[in-house]
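Chemist: Below you'll find the structure I mean.
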Amino acid sequence: MTAAARDQRAEELLSHHVKPDELPWQKLQFPGCEIKPLYFDPKTGLATLLFKMEPGATLPDHEHALLEQTYVLEGSLVDKDGPDAGLEVKAGEFVWRPAGSRHSAWCPNGGTMIAIFQVPNKFFGKDGQVTDPSGKDWESTWGHLLSK
């Protein structure tokens, strides 16, 4: 192994210290929903996000393409519809959702969460489009990851 390759490998193994207070909130396509990416791999879609929803904000109809994990830091997250309609996950509580689960969620009083995704969710528009949270076509952006 060359010295340059060793140096590059050593750099890849360093810890990545993230200071969320220094990151700006990024608006999603859904009103009242913002994120701070703590970790994101654009090749695999793996993400750990600080996720904030204003009071009354809704995440519309979506499917968890792979496992999703959410820890509520403040406020609460409520399943608006789907098989767990009415389920409320409060501050200090954790929920995980299996691949294929589908629902819409809202924060009646607002909430802040840490959310971990193996691949971005599929959002189903009324026009028939299926997008990721940023509004990109889900199949062309992420579909190849599930066809393996």
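Following the order of the structure tokens, chains are lettered A, B, ..., residues in each are numbered from 1, and ligands are numbered from 1.
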Using only C-alpha atoms, determine which residues lie at most 7 Å from Gln69 of chain A, disregarding the query and same-chain residues fewer than 2 positions distant; provide the list as a PyMOL selection string.
Modeler: chain A and resi 67+71+95-97+115-117
Chemist: At a cut-off of 10 Å, using only C-alpha atoms, what residues contact segment 35-52 of chain A? Leave out same-chain residues fewer than 6 positions from it and give the result as a PyMOL selection string.
Modeler: chain A and resi 16-28+68-75+107+110-121+141-142+144-145
Chemist: Between A:Glu12, A:Glu88, A:Asp61, A:Glu139, which residue has the minimum interatomic distance to Pro108 of chain A, considering only C-alpha atoms?
Modeler: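 Between A:Glu12, A:Glu88, A:Asp61, A:Glu139, the residue approaching Pro108 of chain A most closely is A:Glu88.
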Chemist: Tell me which protein, DNA and RNA residues are within 9 Å of Val78 of chain A, counting only C-alpha atoms, leaving out same-chain ones fewer than 6 positions away, and put them as a PyMOL selection string.
Modeler: chain A and resi 85-90+104-108
Chemist: Need the shell around Asp132 of chain A: protein/DNA/RNA residues with any atom at most 8 Å away, counting only C-alpha atoms. Skip same-chain ones fewer than 3 positions apart. Format as a PDB file with N, CA and C atoms, in the first residue's frame?
Modeler:
ATOM      1  N   PRO A 120     -34.555   6.494   1.746  1.00  0.00           N
ATOM      2  CA  PRO A 120     -35.654   7.448   1.902  1.00  0.00           C
ATOM      3  C   PRO A 120     -37.036   6.829   1.665  1.00  0.00           C
ATOM      4  N   ASN A 121     -38.023   7.405   2.358  1.00  0.00           N
ATOM      5  CA  ASN A 121     -39.409   6.971   2.207  1.00  0.00           C
ATOM      6  C   ASN A 121     -39.937   7.276   0.812  1.00  0.00           C
ATOM      7  N   LYS A 122     -40.994   6.545   0.442  1.00  0.00           N
ATOM      8  CA  LYS A 122     -41.732   6.797  -0.802  1.00  0.00           C
ATOM      9  C   LYS A 122     -42.970   7.608  -0.433  1.00  0.00           C
ATOM     10  N   PHE A 123     -43.112   8.803  -1.011  1.00  0.00           N
ATOM     11  CA  PHE A 123     -44.280   9.646  -0.772  1.00  0.00           C
ATOM     12  C   PHE A 123     -45.190   9.590  -1.987  1.00  0.00           C
ATOM     13  N   GLY A 135     -38.580  15.529  -3.108  1.00  0.00           N
ATOM     14  CA  GLY A 135     -39.394  15.739  -4.293  1.00  0.00           C
ATOM     15  C   GLY A 135     -38.876  15.063  -5.550  1.00  0.00           C
ATOM     16  N   LYS A 136     -37.750  14.346  -5.440  1.00  0.00           N
ATOM     17  CA  LYS A 136     -37.212  13.620  -6.595  1.00  0.00           C
ATOM     18  C   LYS A 136     -37.995  12.339  -6.832  1.00  0.00           C
ATOM     19  N   ASP A 137     -38.064  11.922  -8.098  1.00  0.00           N
ATOM     20  CA  ASP A 137     -38.724  10.667  -8.445  1.00  0.00           C
ATOM     21  C   ASP A 137     -38.060   9.533  -7.671  1.00  0.00           C
ATOM     22  N   TRP A 138     -38.848   8.808  -6.876  1.00  0.00           N
ATOM     23  CA  TRP A 138     -38.270   7.793  -5.998  1.00  0.00           C
ATOM     24  C   TRP A 138     -37.632   6.651  -6.790  1.00  0.00           C
TER      25      TRP A 138
END
Chemist: With a distance cut-off of 9 Å and only C-alpha atoms, select the neighbouring residues of Pro31 of chain A, excluding the residue or stretch itself and same-chain residues fewer than 5 positions from it, and output the selection as a ChimeraX atom specification.
Modeler: /A:53-54,57-59
Chemist: Take the residues from that selection and put them in a file with N, CA and C atoms, as a compact mmCIF listing (two decimals), in the first residue's frame.
Modeler:
# COMPACT_ATOMS: atom_id res chain seq x y z
N MET A 53 -41.08 19.15 13.16
CA MET A 53 -42.38 19.41 12.56
C MET A 53 -43.09 20.47 13.40
N GLU A 54 -43.58 21.50 12.74
CA GLU A 54 -44.32 22.56 13.41
C GLU A 54 -45.69 22.03 13.86
N ALA A 57 -48.27 20.18 11.46
CA ALA A 57 -47.62 19.73 10.23
C ALA A 57 -47.88 18.24 10.00
N THR A 58 -48.02 17.88 8.73
CA THR A 58 -48.32 16.51 8.34
C THR A 58 -47.29 15.98 7.36
N LEU A 59 -46.87 14.74 7.57
CA LEU A 59 -46.12 13.99 6.56
C LEU A 59 -47.17 13.19 5.81
Chemist: Pick out each residue of segment 36-145 of chain A that DSSP on the backbone tags as alpha helix (DSSP H); I need them as a ChimeraX atom specification.
Modeler: /A:138-145
Chemist: If I take atom CA of Gly92 of chain A and atom CA of Pro55 of chain A, how far is one from the other in Å, to one decimal?
Modeler: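 Pair atom CA of Gly92 of chain A / atom CA of Pro55 of chain A returns 18.2 Å.
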Chemist: Nearest residue to Ala65 of chain A out of A:Thr131, A:Ala99, A:Leu13, A:Ala3, using only C-alpha atoms?
Modeler: A:Ala99
Chemist: DSSP on the backbone, then: every residue of chain A marked strand (DSSP E or B), written as a ChimeraX atom specification.
Modeler: /A:26-27,33-40,47-53,57-63,68-81,88-90,94-97,102-107,111-117,122-124,130-131,137
